[in-house]
$ cat work37.cif   # mmCIF, C-alpha atoms and all ligand atoms
data_input
loop_
_atom_site.label_atom_id
_atom_site.label_comp_id
_atom_site.auth_asym_id
_atom_site.auth_seq_id
_atom_site.Cartn_x
_atom_site.Cartn_y
_atom_site.Cartn_z
CA MET A 255 5.49 18.78 -1.23
CA PRO A 256 8.41 18.46 1.18
CA ASP A 257 7.84 20.91 4.01
CA LEU A 258 9.16 19.28 7.16
CA ILE A 259 12.58 19.42 8.70
CA THR A 260 13.81 15.85 8.84
CA GLU A 261 16.03 15.29 11.83
CA VAL A 262 18.68 12.56 11.67
CA LEU A 263 19.72 11.08 15.00
CA LYS A 264 22.74 8.81 15.05
CA ILE A 265 22.78 5.74 17.21
CA GLU A 266 26.25 4.35 17.63
CA GLU A 267 25.73 2.28 20.69
CA LEU A 268 22.33 1.35 21.89
CA ALA A 269 23.32 1.50 25.56
CA SER A 270 24.00 5.24 25.33
CA ALA A 271 21.06 5.93 23.02
CA ARG A 272 18.21 5.47 25.44
CA GLN A 273 17.16 9.12 25.20
CA VAL A 274 17.24 9.12 21.43
CA VAL A 275 15.07 6.01 21.30
CA ALA A 276 12.69 7.51 23.88
CA ARG A 277 12.31 10.59 21.68
CA ALA A 278 11.62 8.49 18.63
CA ALA A 279 9.07 6.44 20.56
CA ALA A 280 7.33 9.62 21.74
CA ALA A 281 7.23 10.82 18.12
CA ILE A 282 5.53 7.56 17.09
CA GLN A 283 3.04 7.93 19.96
CA VAL A 284 1.96 11.39 18.76
CA GLY A 285 1.45 10.27 15.15
CA GLN A 286 4.78 11.30 13.60
CA LEU A 287 6.83 9.35 11.05
CA VAL A 288 10.12 7.80 12.15
CA ALA A 289 12.49 5.91 9.86
CA PHE A 290 14.51 3.22 11.64
CA PRO A 291 16.91 0.43 10.75
CA THR A 292 15.79 -3.18 10.65
CA GLU A 293 17.94 -6.21 9.82
CA THR A 294 16.61 -6.07 6.24
CA VAL A 295 16.20 -2.46 5.08
CA TYR A 296 15.19 0.80 6.79
CA GLY A 297 11.48 1.03 7.63
CA LEU A 298 9.26 4.11 7.73
CA GLY A 299 7.31 3.72 10.94
CA ALA A 300 4.05 5.05 12.34
CA ASN A 301 1.64 3.90 15.04
CA ALA A 302 -0.18 1.01 13.34
CA LEU A 303 -3.34 1.66 15.36
CA ASP A 304 -3.57 5.34 14.32
CA ALA A 305 -5.20 5.58 10.90
CA ALA A 306 -4.23 9.23 10.41
CA ALA A 307 -0.56 8.50 11.15
CA VAL A 308 -0.54 5.56 8.73
CA ARG A 309 -2.16 7.74 6.07
CA ARG A 310 0.82 10.05 6.40
CA ILE A 311 3.12 7.13 5.47
CA PHE A 312 1.20 6.73 2.20
CA ALA A 313 1.44 10.46 1.51
CA ALA A 314 5.18 10.65 2.29
CA LYS A 315 5.99 7.68 0.04
CA GLY A 316 3.47 8.41 -2.70
CA ARG A 317 2.29 4.83 -2.11
CA PRO A 318 -0.94 3.58 -3.71
CA ALA A 319 -3.63 3.18 -1.03
CA GLU A 320 -4.32 -0.44 -2.00
CA ASN A 321 -0.79 -1.56 -1.08
CA PRO A 322 -0.95 -2.84 2.51
CA ILE A 323 1.80 -2.27 5.07
CA ILE A 324 3.69 -4.67 7.32
CA VAL A 325 3.02 -4.28 11.04
CA HIS A 326 6.05 -4.74 13.30
CA ILE A 327 5.71 -6.05 16.84
CA ALA A 328 8.33 -6.62 19.54
CA GLU A 329 7.64 -10.32 20.02
CA ALA A 330 5.29 -13.10 18.99
CA SER A 331 3.27 -12.82 22.22
CA GLU A 332 1.93 -9.49 20.88
CA LEU A 333 0.36 -11.11 17.81
CA GLY A 334 -3.08 -10.92 19.41
CA GLN A 335 -2.96 -7.10 19.21
CA VAL A 336 -3.19 -7.22 15.44
CA ALA A 337 -4.20 -10.71 14.27
CA VAL A 338 -6.93 -13.26 15.01
CA GLU A 339 -7.30 -16.99 14.35
CA VAL A 340 -3.52 -17.39 14.26
CA PRO A 341 -2.95 -20.92 12.93
CA PRO A 342 -0.53 -23.24 14.78
CA ILE A 343 1.73 -23.27 11.73
CA ALA A 344 2.25 -19.51 12.17
CA LEU A 345 3.35 -20.02 15.76
CA THR A 346 5.76 -22.74 14.67
CA LEU A 347 7.28 -20.37 12.11
CA ALA A 348 7.39 -17.51 14.61
CA GLU A 349 9.18 -19.74 17.08
CA ARG A 350 11.79 -20.69 14.50
CA PHE A 351 12.32 -17.43 12.58
CA TRP A 352 11.38 -14.51 14.89
CA PRO A 353 12.90 -12.14 15.54
CA GLY A 354 13.96 -12.13 11.89
CA PRO A 355 13.16 -11.41 8.27
CA LEU A 356 9.97 -13.45 7.88
CA THR A 357 6.62 -11.66 7.46
CA LEU A 358 3.45 -13.67 8.06
CA VAL A 359 0.12 -12.73 6.49
CA LEU A 360 -2.67 -13.50 8.97
CA ARG A 361 -6.33 -12.65 9.48
CA LYS A 362 -6.48 -9.13 10.87
CA ARG A 363 -7.99 -8.10 14.13
CA PRO A 364 -10.96 -5.75 13.62
CA GLY A 365 -9.17 -2.91 15.50
CA VAL A 366 -6.43 -2.68 12.88
CA PRO A 367 -7.29 0.31 10.67
CA ASP A 368 -8.25 -0.50 7.06
CA VAL A 369 -5.60 1.87 5.80
CA VAL A 370 -2.91 -0.53 7.12
CA THR A 371 -4.29 -3.53 5.27
CA GLY A 372 -5.37 -1.85 2.05
CA GLY A 373 -8.96 -2.49 3.11
CA GLY A 374 -8.37 -6.25 3.06
CA PRO A 375 -9.13 -8.90 5.71
CA THR A 376 -5.49 -9.83 6.34
CA VAL A 377 -2.54 -8.17 8.05
CA ALA A 378 1.16 -8.79 7.44
CA VAL A 379 3.20 -9.03 10.65
CA ARG A 380 6.82 -9.45 11.59
CA VAL A 381 9.16 -9.20 14.57
CA PRO A 382 12.33 -7.40 13.47
CA ALA A 383 15.66 -8.51 14.91
CA HIS A 384 17.59 -5.23 14.70
CA PRO A 385 18.35 -3.92 18.22
CA VAL A 386 17.25 -0.36 17.31
CA ALA A 387 13.93 -1.62 15.89
CA GLN A 388 13.47 -3.75 19.00
CA ALA A 389 14.26 -0.85 21.34
CA LEU A 390 11.88 1.46 19.46
CA LEU A 391 9.01 -1.07 19.57
CA ARG A 392 9.51 -1.68 23.28
CA ALA A 393 9.74 2.01 24.12
CA ALA A 394 6.71 2.98 21.98
CA LYS A 395 4.66 0.07 23.38
CA LEU A 396 2.70 0.04 20.13
CA PRO A 397 2.65 -2.04 16.97
CA ILE A 398 4.48 -0.04 14.29
CA ALA A 399 3.37 -0.08 10.66
CA ALA A 400 6.44 0.28 8.49
CA PRO A 401 6.96 -0.15 4.78
CA SER A 402 10.46 0.23 3.40
CA ALA A 403 11.67 3.82 3.90
CA ASN A 404 11.80 4.96 0.29
CA ALA A 405 9.55 6.80 -2.13
CA SER A 406 7.14 4.32 -3.73
CA ASN A 407 8.64 2.19 -6.52
CA CYS A 408 12.16 3.47 -5.86
CA LEU A 409 15.16 1.71 -4.38
CA SER A 410 14.85 0.57 -0.79
CA ALA A 411 17.15 2.20 1.75
CA THR A 412 19.91 0.29 3.51
CA ARG A 413 21.52 3.39 5.03
CA ALA A 414 20.16 6.51 6.71
CA GLU A 415 21.53 8.66 3.88
CA HIS A 416 19.38 6.71 1.38
CA VAL A 417 16.30 7.51 3.49
CA LEU A 418 17.23 11.18 3.62
CA LYS A 419 17.76 11.28 -0.16
CA SER A 420 14.35 9.71 -0.80
CA LEU A 421 12.15 11.08 1.98
CA GLY A 422 13.94 14.13 3.39
CA GLY A 423 11.44 16.93 4.09
CA ARG A 424 8.55 14.45 4.24
CA ILE A 425 9.14 12.74 7.57
CA GLU A 426 10.02 13.93 11.06
CA LEU A 427 12.87 11.68 12.13
CA ILE A 428 15.47 9.20 10.94
CA LEU A 429 17.25 6.94 13.41
CA ASP A 430 20.64 6.33 11.86
CA GLY A 431 21.85 2.94 13.01
CA GLY A 432 24.40 2.51 10.20
CA PRO A 433 24.10 0.17 7.21
CA THR A 434 21.54 -2.62 7.55
CA GLN A 435 22.98 -6.12 7.48
CA GLY A 436 20.58 -8.17 5.39
CA GLY A 437 20.07 -5.64 2.62
CA LEU A 438 16.93 -7.18 1.08
CA GLU A 439 13.36 -7.11 2.32
CA SER A 440 11.77 -9.86 4.38
CA THR A 441 10.21 -13.00 2.95
CA VAL A 442 6.40 -12.60 2.90
CA LEU A 443 4.40 -15.79 3.50
CA ASP A 444 0.60 -16.02 3.50
CA VAL A 445 -0.41 -18.50 6.20
CA THR A 446 -4.16 -17.96 5.79
CA THR A 447 -4.13 -20.62 3.06
CA MET A 448 -3.05 -24.24 3.12
CA PRO A 449 -0.43 -24.86 2.01
CA PRO A 450 0.99 -21.43 2.88
CA ARG A 451 1.94 -19.30 -0.10
CA LEU A 452 5.12 -17.37 -0.74
CA LEU A 453 4.12 -13.82 -1.71
CA ARG A 454 7.60 -12.29 -1.85
CA PRO A 455 10.95 -14.07 -1.81
CA GLY A 456 13.30 -12.55 0.74
CA LEU A 457 16.18 -13.20 3.07
CA ILE A 458 14.71 -16.48 4.32
CA ALA A 459 14.74 -19.03 1.49
CA PRO A 460 11.68 -21.20 0.73
CA GLY A 461 13.70 -24.32 1.55
CA GLU A 462 14.34 -23.07 5.08
CA ILE A 463 10.61 -22.57 5.58
CA GLU A 464 9.75 -25.94 4.03
CA SER A 465 12.21 -27.67 6.32
CA VAL A 466 10.06 -26.49 9.24
CA ILE A 467 6.47 -26.77 7.96
CA GLY A 468 6.62 -28.84 4.77
CA LYS A 469 5.60 -27.82 1.26
CA ILE A 470 4.59 -24.25 0.52
CA THR A 471 3.23 -22.78 -2.70
CA LEU A 472 6.01 -20.93 -4.45
CA SER A 473 4.35 -18.45 -6.61
CA VAL A 474 2.40 -15.38 -6.72
CA PRO A 475 -1.05 -14.93 -6.05
CA SER A 476 -4.35 -14.74 -7.19
CA THR A 477 -6.84 -16.21 -9.49
CA ALA A 478 -3.96 -17.01 -11.82
CA ASP A 479 -3.94 -20.44 -10.15
CA GLU A 480 -7.12 -21.44 -11.88
CA GLU A 481 -5.66 -20.39 -15.18
CA LEU A 482 -2.55 -22.49 -14.82
CA PRO A 483 -2.24 -25.23 -17.40
CA GLU A 484 -2.16 -28.75 -15.97
CA GLY A 485 1.27 -29.61 -14.67
CA ALA A 486 2.63 -26.10 -15.00
CA ASP A 487 5.58 -25.58 -12.73
CA GLN A 488 4.69 -23.14 -9.99
CA ARG A 489 8.34 -22.23 -9.67
CA ASP A 490 8.28 -20.67 -13.12
CA ARG A 491 5.53 -18.28 -12.26
CA GLN A 492 7.27 -15.73 -10.06
CA GLY A 493 5.79 -12.37 -10.87
CA THR A 494 3.47 -13.48 -13.63
CA GLN A 495 0.30 -12.17 -12.10
CA PRO A 496 -1.92 -10.88 -14.89
CA ALA A 497 -2.77 -7.20 -14.72
CA SER A 498 -6.45 -7.96 -14.29
CA ALA A 499 -6.04 -10.21 -11.23
CA PRO A 500 -6.73 -8.81 -7.77
CA LEU A 501 -3.60 -7.51 -6.11
CA ARG A 502 -3.11 -10.11 -3.47
CA SER A 503 0.30 -8.72 -2.59
CA PRO A 504 0.79 -5.48 -4.42
CA GLY A 505 4.52 -5.49 -3.75
CA MET A 506 4.59 -8.19 -6.40
CA LEU A 507 3.79 -5.60 -9.05
CA SER A 508 6.24 -6.25 -11.79
CA ARG A 509 8.16 -2.97 -11.71
CA HIS A 510 9.37 -2.22 -8.21
CA TYR A 511 12.55 -1.68 -6.25
CA ALA A 512 13.89 0.25 -9.21
CA PRO A 513 16.55 2.92 -9.58
CA ARG A 514 15.64 6.14 -11.39
CA VAL A 515 17.86 5.22 -14.35
CA PRO A 516 17.04 2.38 -16.74
CA LEU A 517 18.48 -0.93 -15.60
CA GLU A 518 19.03 -4.02 -17.70
CA CYS A 519 20.21 -7.48 -16.78
CA ILE A 520 22.62 -9.45 -18.93
CA ARG A 521 23.85 -13.01 -18.80
CA PRO A 522 27.50 -13.44 -17.83
CA GLU A 523 28.37 -14.41 -21.42
CA ASP A 524 26.76 -11.29 -22.90
CA THR A 525 29.29 -8.67 -21.87
CA ASP A 526 29.51 -7.44 -25.50
CA ARG A 527 26.27 -5.65 -24.70
CA ILE A 528 28.31 -3.29 -22.54
CA GLU A 529 30.59 -2.53 -25.47
CA VAL A 530 27.53 -1.78 -27.61
CA LEU A 531 26.11 0.62 -25.03
CA ARG A 532 29.47 2.25 -24.57
CA ARG A 533 29.75 2.93 -28.27
CA GLU A 534 26.51 4.85 -27.95
CA ARG A 535 28.57 6.95 -25.54
CA ARG A 536 26.37 6.46 -22.59
CA ARG A 537 27.78 6.75 -19.11
CA ILE A 538 27.23 3.26 -17.91
CA GLY A 539 27.18 1.70 -14.49
CA TRP A 540 27.91 -2.01 -14.34
CA LEU A 541 27.25 -4.35 -11.44
CA ALA A 542 29.70 -7.04 -12.44
CA HIS A 543 29.69 -10.54 -11.03
CA GLY A 544 32.28 -13.24 -11.20
CA SER A 545 34.69 -11.49 -13.55
CA THR A 546 37.39 -8.93 -13.03
CA PRO A 547 36.59 -6.42 -15.73
CA ALA A 548 39.30 -4.11 -16.94
CA ASP A 549 39.00 -0.39 -16.29
CA ILE A 550 37.14 1.01 -19.24
CA CYS A 551 36.64 4.70 -19.76
CA GLY A 552 33.05 5.87 -19.30
CA LEU A 553 32.23 2.76 -17.34
CA PHE A 554 31.54 2.83 -13.60
CA ILE A 555 32.08 -0.73 -12.43
CA ILE A 556 31.08 -2.19 -9.09
CA GLU A 557 32.20 -5.75 -8.55
CA MET A 558 29.56 -7.56 -6.55
CA PRO A 559 30.41 -10.28 -4.01
CA LEU A 560 30.31 -13.92 -5.08
CA ASP A 561 28.51 -14.96 -1.92
CA ALA A 562 24.72 -14.49 -2.05
CA LYS A 563 24.36 -13.08 1.48
CA ALA A 564 27.11 -10.55 0.93
CA TYR A 565 25.63 -9.67 -2.48
CA ALA A 566 22.20 -9.06 -0.94
CA ALA A 567 23.70 -6.83 1.74
CA GLU A 568 25.33 -4.62 -0.90
CA LEU A 569 22.82 -4.63 -3.75
CA TYR A 570 20.74 -1.55 -2.92
CA ALA A 571 23.76 0.45 -1.75
CA ALA A 572 25.52 -0.31 -5.05
CA LEU A 573 22.46 0.79 -7.05
CA HIS A 574 22.16 3.97 -4.95
CA THR A 575 25.84 4.69 -5.65
CA LEU A 576 25.36 4.32 -9.41
CA GLU A 577 22.18 6.38 -9.34
CA SER A 578 23.93 9.18 -7.46
CA ALA A 579 26.95 9.00 -9.77
CA GLY A 580 24.68 10.11 -12.61
CA VAL A 581 25.07 7.10 -14.91
CA GLU A 582 22.53 6.96 -17.74
CA ARG A 583 22.12 3.22 -17.77
CA ILE A 584 22.79 0.42 -15.30
CA VAL A 585 23.79 -3.03 -16.52
CA VAL A 586 23.73 -5.94 -14.11
CA THR A 587 25.31 -9.31 -14.75
CA LEU A 588 22.71 -11.78 -13.53
CA PRO A 589 23.91 -13.93 -10.65
CA PRO A 590 23.41 -17.71 -10.86
CA ASP A 591 20.15 -19.63 -10.50
CA GLY A 592 19.52 -21.43 -7.27
CA GLU A 593 17.60 -20.80 -4.12
CA ALA A 594 20.25 -18.66 -2.41
CA TRP A 595 19.91 -16.13 -5.26
CA LEU A 596 16.09 -16.24 -5.58
CA ALA A 597 15.31 -12.96 -3.82
CA ILE A 598 18.20 -11.15 -5.49
CA ARG A 599 17.12 -12.25 -8.96
CA ASP A 600 13.52 -11.32 -8.10
CA ARG A 601 14.54 -7.76 -7.17
CA LEU A 602 16.76 -7.41 -10.25
CA GLN A 603 13.97 -8.60 -12.51
CA ARG A 604 11.56 -6.09 -10.99
CA ALA A 605 14.10 -3.29 -11.20
CA SER A 606 14.56 -4.00 -14.91
CA ALA A 607 10.86 -4.34 -15.78
CA PRO A 608 9.58 -1.67 -18.17
CA ALA A 609 8.06 1.36 -16.42
O1 LIG A 701 11.93 -6.27 5.31
C1 LIG A 701 10.82 -5.75 5.17
O2 LIG A 701 9.79 -6.42 5.00
C2 LIG A 701 10.74 -4.21 5.27
C3 LIG A 701 11.10 -3.82 6.70
C4 LIG A 701 10.96 -2.34 6.94
O3 LIG A 701 10.32 -4.54 7.59
N1 LIG A 701 9.44 -3.75 4.91
C5 LIG A 701 8.97 -3.80 3.64
O4 LIG A 701 7.73 -3.23 3.49
O5 LIG A 701 9.60 -4.26 2.71
P1 LIG A 701 7.08 -2.90 2.08
O6 LIG A 701 5.84 -2.15 2.38
O7 LIG A 701 8.08 -2.21 1.25
O8 LIG A 701 6.70 -4.28 1.51
C6 LIG A 701 5.66 -5.00 2.14
C7 LIG A 701 5.21 -6.11 1.25
C8 LIG A 701 4.53 -5.58 0.01
O9 LIG A 701 4.84 -6.45 -1.04
C9 LIG A 701 3.07 -5.65 0.39
O10 LIG A 701 2.23 -5.74 -0.72
C10 LIG A 701 3.05 -6.94 1.21
O11 LIG A 701 4.26 -6.90 1.95
N2 LIG A 701 1.94 -6.97 2.16
C11 LIG A 701 1.72 -6.17 3.21
N3 LIG A 701 0.56 -6.48 3.83
C12 LIG A 701 0.02 -7.51 3.14
C13 LIG A 701 -1.17 -8.28 3.27
N4 LIG A 701 -2.05 -8.04 4.23
N5 LIG A 701 -1.38 -9.26 2.37
C14 LIG A 701 -0.49 -9.51 1.39
N6 LIG A 701 0.66 -8.82 1.21
C15 LIG A 701 0.91 -7.83 2.07
MG MG A 702 9.09 -1.47 -0.34
#

$ encode --input "work37.cif" --output "structure tokens"
Amino acid sequence: MPDLITEVLKIEELASARQVVARAAAAIQVGQLVAFPTETVYGLGANALDAAAVRRIFAAKGRPAENPIIVHIAEASELGQVAVEVPPIALTLAERFWPGPLTLVLRKRPGVPDVVTGGGPTVAVRVPAHPVAQALLRAAKLPIAAPSANASNCLSATRAEHVLKSLGGRIELILDGGPTQGGLESTVLDVTTMPPRLLRPGLIAPGEIESVIGKITLSVPSTADEELPEGADQRDRQGTQPASAPLRSPGMLSRHYAPRVPLECIRPEDTDRIEVLRRERRRIGWLAHGSTPADICGLFIIEMPLDAKAYAAELYAALHTLESAGVERIVVTLPPDGEAWLAIRDRLQRASAPA
């Protein structure tokens, strides 16, 4: 039950926000929960080395205990605080992509509480690039465990107001650093296996990673590998983990990142579907793409950008807008295939999966 007063502290310019950051860092040090902006989405942070504080993250989000949390550090030189046996390939990737939206799954250091890793032997780590996240990490002088700052299975937050809507009354503090730039979560790559395996597509495309370290396995998890028919294309298997397989990366659960209203994806040529829904007199929200739809009564249209980066930056905010506008159904015109759209299509597919 919500019972806290959630304070929202605005940070307009980091230079003048030293005191605000110091307060947030002190809150982290005493086991409180602080939401903060990263370059991807807002994170809900707690001291990663304090099991009780991390347990509070799970309670605030309603997150299943087996879903591990990403640990954020200020720079790669701090990896030793949370990970062991860091392979050279991880350091190469860190050098190229950190600070930035790449999360590496590594063997965990014994001191990292089990609650962070879902009881597993690995820990996911990243160095965020956002100046507020950086300032908070440096002031707290601790690794910060932070999942996305939203109630479990709901839309991620790209603005402080989204965090407040989802977690208000459940956390102590929100650092409001304005809208996040990237808009989609980080790419998660397991580097404990060779070749490394993509666990979640994100802002850094597989091709960018492959250009640095060579081939990676593009698919989800698990024992499903052994069940793959000879010659099956790994690239077709995004999200096809069978229900019985161990949850190697639980964020890959098929329904995730979803608005509270039903969402369906259509192909660009299937806009008649909207007419059908409208005849059923539903209030419909439409994330259009690549067309300039006419104003139709009962239809709340948001035209999404044609550029993939700009689309990613606006996706969650657009879905939050439709959710708050009280539409009964959200229709999304699927953006094109192609690597630049991989993470966006992944999130849309998960948002439209049956509950
Ligand atoms: O951009 C992001 O990654 C944001 C910001 C706040 O950093 N965080 C984020 O956290 O999206 P979350 O908890 O919403 O998603 C973390 C993903 C989940 O899919 C989780 O299952 C996976 O990372 N993950 C975490 N630890 C893992 C581990 N040890 N092994 C495999 N997957 C892991
Ligand atoms: Mg999340």

$ residues_near_point --input "work37.cif" --point "(20.4, 9.0, 18.3)" --cutoff "7 Å" --atoms "only C-alpha atoms" --output "PDB file with C-alpha atoms, in the coordinates of the input"
ATOM      1  CA  LEU A 263      19.720  11.080  15.000  1.00  0.00           C
ATOM      2  CA  LYS A 264      22.740   8.810  15.050  1.00  0.00           C
ATOM      3  CA  ILE A 265      22.780   5.740  17.210  1.00  0.00           C
ATOM      4  CA  ALA A 271      21.060   5.930  23.020  1.00  0.00           C
ATOM      5  CA  VAL A 274      17.240   9.120  21.430  1.00  0.00           C
ATOM      6  CA  VAL A 275      15.070   6.010  21.300  1.00  0.00           C
ATOM      7  CA  LEU A 429      17.250   6.940  13.410  1.00  0.00           C
ATOM      8  CA  ASP A 430      20.640   6.330  11.860  1.00  0.00           C
TER       9      ASP A 430
END

$ closest_residue --input "work37.cif" --among "A:Ser406, A:Ser270, A:Gln286, A:Ser465" --to "ligand LIG 701 (chain A)" --atoms "all atoms listed in the file"
A:Ser406

$ closest_atom_pairs --input "work37.cif" --of "chain A" --to "ligand LIG 701 (chain A)" --cutoff "8 Å" --atoms "all atoms listed in the file" --output "CSV"
residue,atom,partner,partner_atom,distance
A:Pro291,CA,A:LIG701,C4,7.6
A:Thr292,CA,A:LIG701,C4,6.1
A:Glu293,CA,A:LIG701,O1,7.5
A:Thr294,CA,A:LIG701,O1,4.8
A:Val295,CA,A:LIG701,C3,5.5
A:Tyr296,CA,A:LIG701,C4,5.3
A:Gly297,CA,A:LIG701,C4,3.5
A:Leu298,CA,A:LIG701,C4,6.7
A:Asn321,CA,A:LIG701,O10,5.2
A:Pro322,CA,A:LIG701,N3,4.2
A:Ile323,CA,A:LIG701,C11,4.3
A:Ile324,CA,A:LIG701,C11,4.8
A:Val325,CA,A:LIG701,N3,7.9
A:His326,CA,A:LIG701,O3,7.1
A:Pro355,CA,A:LIG701,O1,6.1
A:Leu356,CA,A:LIG701,O2,7.6
A:Thr357,CA,A:LIG701,O2,6.6
A:Val359,CA,A:LIG701,N5,5.6
A:Leu360,CA,A:LIG701,N4,7.3
A:Val370,CA,A:LIG701,N3,7.6
A:Thr371,CA,A:LIG701,N4,5.1
A:Gly372,CA,A:LIG701,N4,7.4
A:Gly374,CA,A:LIG701,N4,6.7
A:Pro375,CA,A:LIG701,N4,7.3
A:Thr376,CA,A:LIG701,N4,4.4
A:Val377,CA,A:LIG701,N4,3.9
A:Ala378,CA,A:LIG701,N3,4.3
A:Val379,CA,A:LIG701,N3,7.7
A:Arg380,CA,A:LIG701,O3,7.2
A:Pro382,CA,A:LIG701,O3,6.8
A:Ala400,CA,A:LIG701,C4,5.4
A:Pro401,CA,A:LIG701,O6,3.3
A:Ser402,CA,A:LIG701,O7,4.0
A:Ala403,CA,A:LIG701,C4,6.9
A:Ser410,CA,A:LIG701,O7,7.6
A:Leu438,CA,A:LIG701,O1,6.6
A:Glu439,CA,A:LIG701,O1,3.4
A:Ser440,CA,A:LIG701,O1,3.7
A:Thr441,CA,A:LIG701,O2,6.9
A:Val442,CA,A:LIG701,O11,6.2
A:Asp444,CA,A:LIG701,C14,6.9
A:Leu453,CA,A:LIG701,N6,6.7
A:Arg454,CA,A:LIG701,O9,6.5
A:Gly456,CA,A:LIG701,O1,7.9
A:Arg502,CA,A:LIG701,C14,5.6
A:Ser503,CA,A:LIG701,N6,3.8
A:Pro504,CA,A:LIG701,O10,4.0
A:Gly505,CA,A:LIG701,O9,2.9
A:Met506,CA,A:LIG701,O9,5.6

$ atom_distance --input "work37.cif" --atom1 "CA of Ile259 (chain A)" --atom2 "CA of Val515 (chain A)"
27.6 Å

$ residues_near_point --input "work37.cif" --point "(24.4, -0.3, -1.1)" --cutoff "9 Å" --atoms "all atoms listed in the file" --output "VMD selection string"
chain A and resid 411 to 413 416 433 437 567 to 575

$ write_last_selection --input "work37.cif" --atoms "C-alpha atoms" --output "PDB file, in the frame of the given file"
ATOM      1  CA  ALA A 411      17.150   2.200   1.750  1.00  0.00           C
ATOM      2  CA  THR A 412      19.910   0.290   3.510  1.00  0.00           C
ATOM      3  CA  ARG A 413      21.520   3.390   5.030  1.00  0.00           C
ATOM      4  CA  HIS A 416      19.380   6.710   1.380  1.00  0.00           C
ATOM      5  CA  PRO A 433      24.100   0.170   7.210  1.00  0.00           C
ATOM      6  CA  GLY A 437      20.070  -5.640   2.620  1.00  0.00           C
ATOM      7  CA  ALA A 567      23.700  -6.830   1.740  1.00  0.00           C
ATOM      8  CA  GLU A 568      25.330  -4.620  -0.900  1.00  0.00           C
ATOM      9  CA  LEU A 569      22.820  -4.630  -3.750  1.00  0.00           C
ATOM     10  CA  TYR A 570      20.740  -1.550  -2.920  1.00  0.00           C
ATOM     11  CA  ALA A 571      23.760   0.450  -1.750  1.00  0.00           C
ATOM     12  CA  ALA A 572      25.520  -0.310  -5.050  1.00  0.00           C
ATOM     13  CA  LEU A 573      22.460   0.790  -7.050  1.00  0.00           C
ATOM     14  CA  HIS A 574      22.160   3.970  -4.950  1.00  0.00           C
ATOM     15  CA  THR A 575      25.840   4.690  -5.650  1.00  0.00           C
TER      16      THR A 575
END

$ residues_around --input "work37.cif" --residues "Tyr511 (chain A)" --least-positions-apart "3" --cutoff "8 Å" --atoms "only C-alpha atoms" --output "list in words"
Asn407, Cys408, Leu409, Ser410, Arg601, Arg604 and Ala605 of chain A

$ atom_distance --input "work37.cif" --atom1 "CA of Ser331 (chain A)" --atom2 "CA of Gly299 (chain A)"
20.4 Å

$ atom_distance --input "work37.cif" --atom1 "CA of Ala566 (chain A)" --atom2 "CA of Thr447 (chain A)"
29.0 Å

$ closest_residue --input "work37.cif" --among "A:Ser420, A:Thr471, A:Ser578, A:Gln435" --to "Ala314 (chain A)" --atoms "all atoms listed in the file"
A:Ser420

$ residues_around --input "work37.cif" --residues "region 336-346 of chain A" --least-positions-apart "6" --cutoff "8 Å" --atoms "all atoms listed in the file" --output "PyMOL selection string"
chain A and resi 330+358+360-363+365-366+377+397+445-446+466-467

$ axis_aligned_box --input "work37.cif" --around "region 286-297 of chain A" --padding-each-side "5 Å" --output "lines of an AutoDock Vina configuration file"
center_x = 11.4
center_y = 2.5
center_z = 9.3
size_x = 23.2
size_y = 27.5
size_z = 18.5

$ closest_residue --input "work37.cif" --among "A:Ala542, A:Leu347, A:Ala328, A:Leu287" --to "Leu396 (chain A)" --atoms "only C-alpha atoms"
A:Ala328

$ residues_around --input "work37.cif" --residues "Gly539 (chain A)" --least-positions-apart "6" --cutoff "8 Å" --atoms "only C-alpha atoms" --output "PyMOL selection string"
chain A and resi 553-556+576+581-585

$ residues_around --input "work37.cif" --residues "Ala389 (chain A)" --least-positions-apart "2" --cutoff "12 Å" --atoms "only C-alpha atoms" --output "count of residues only"
34
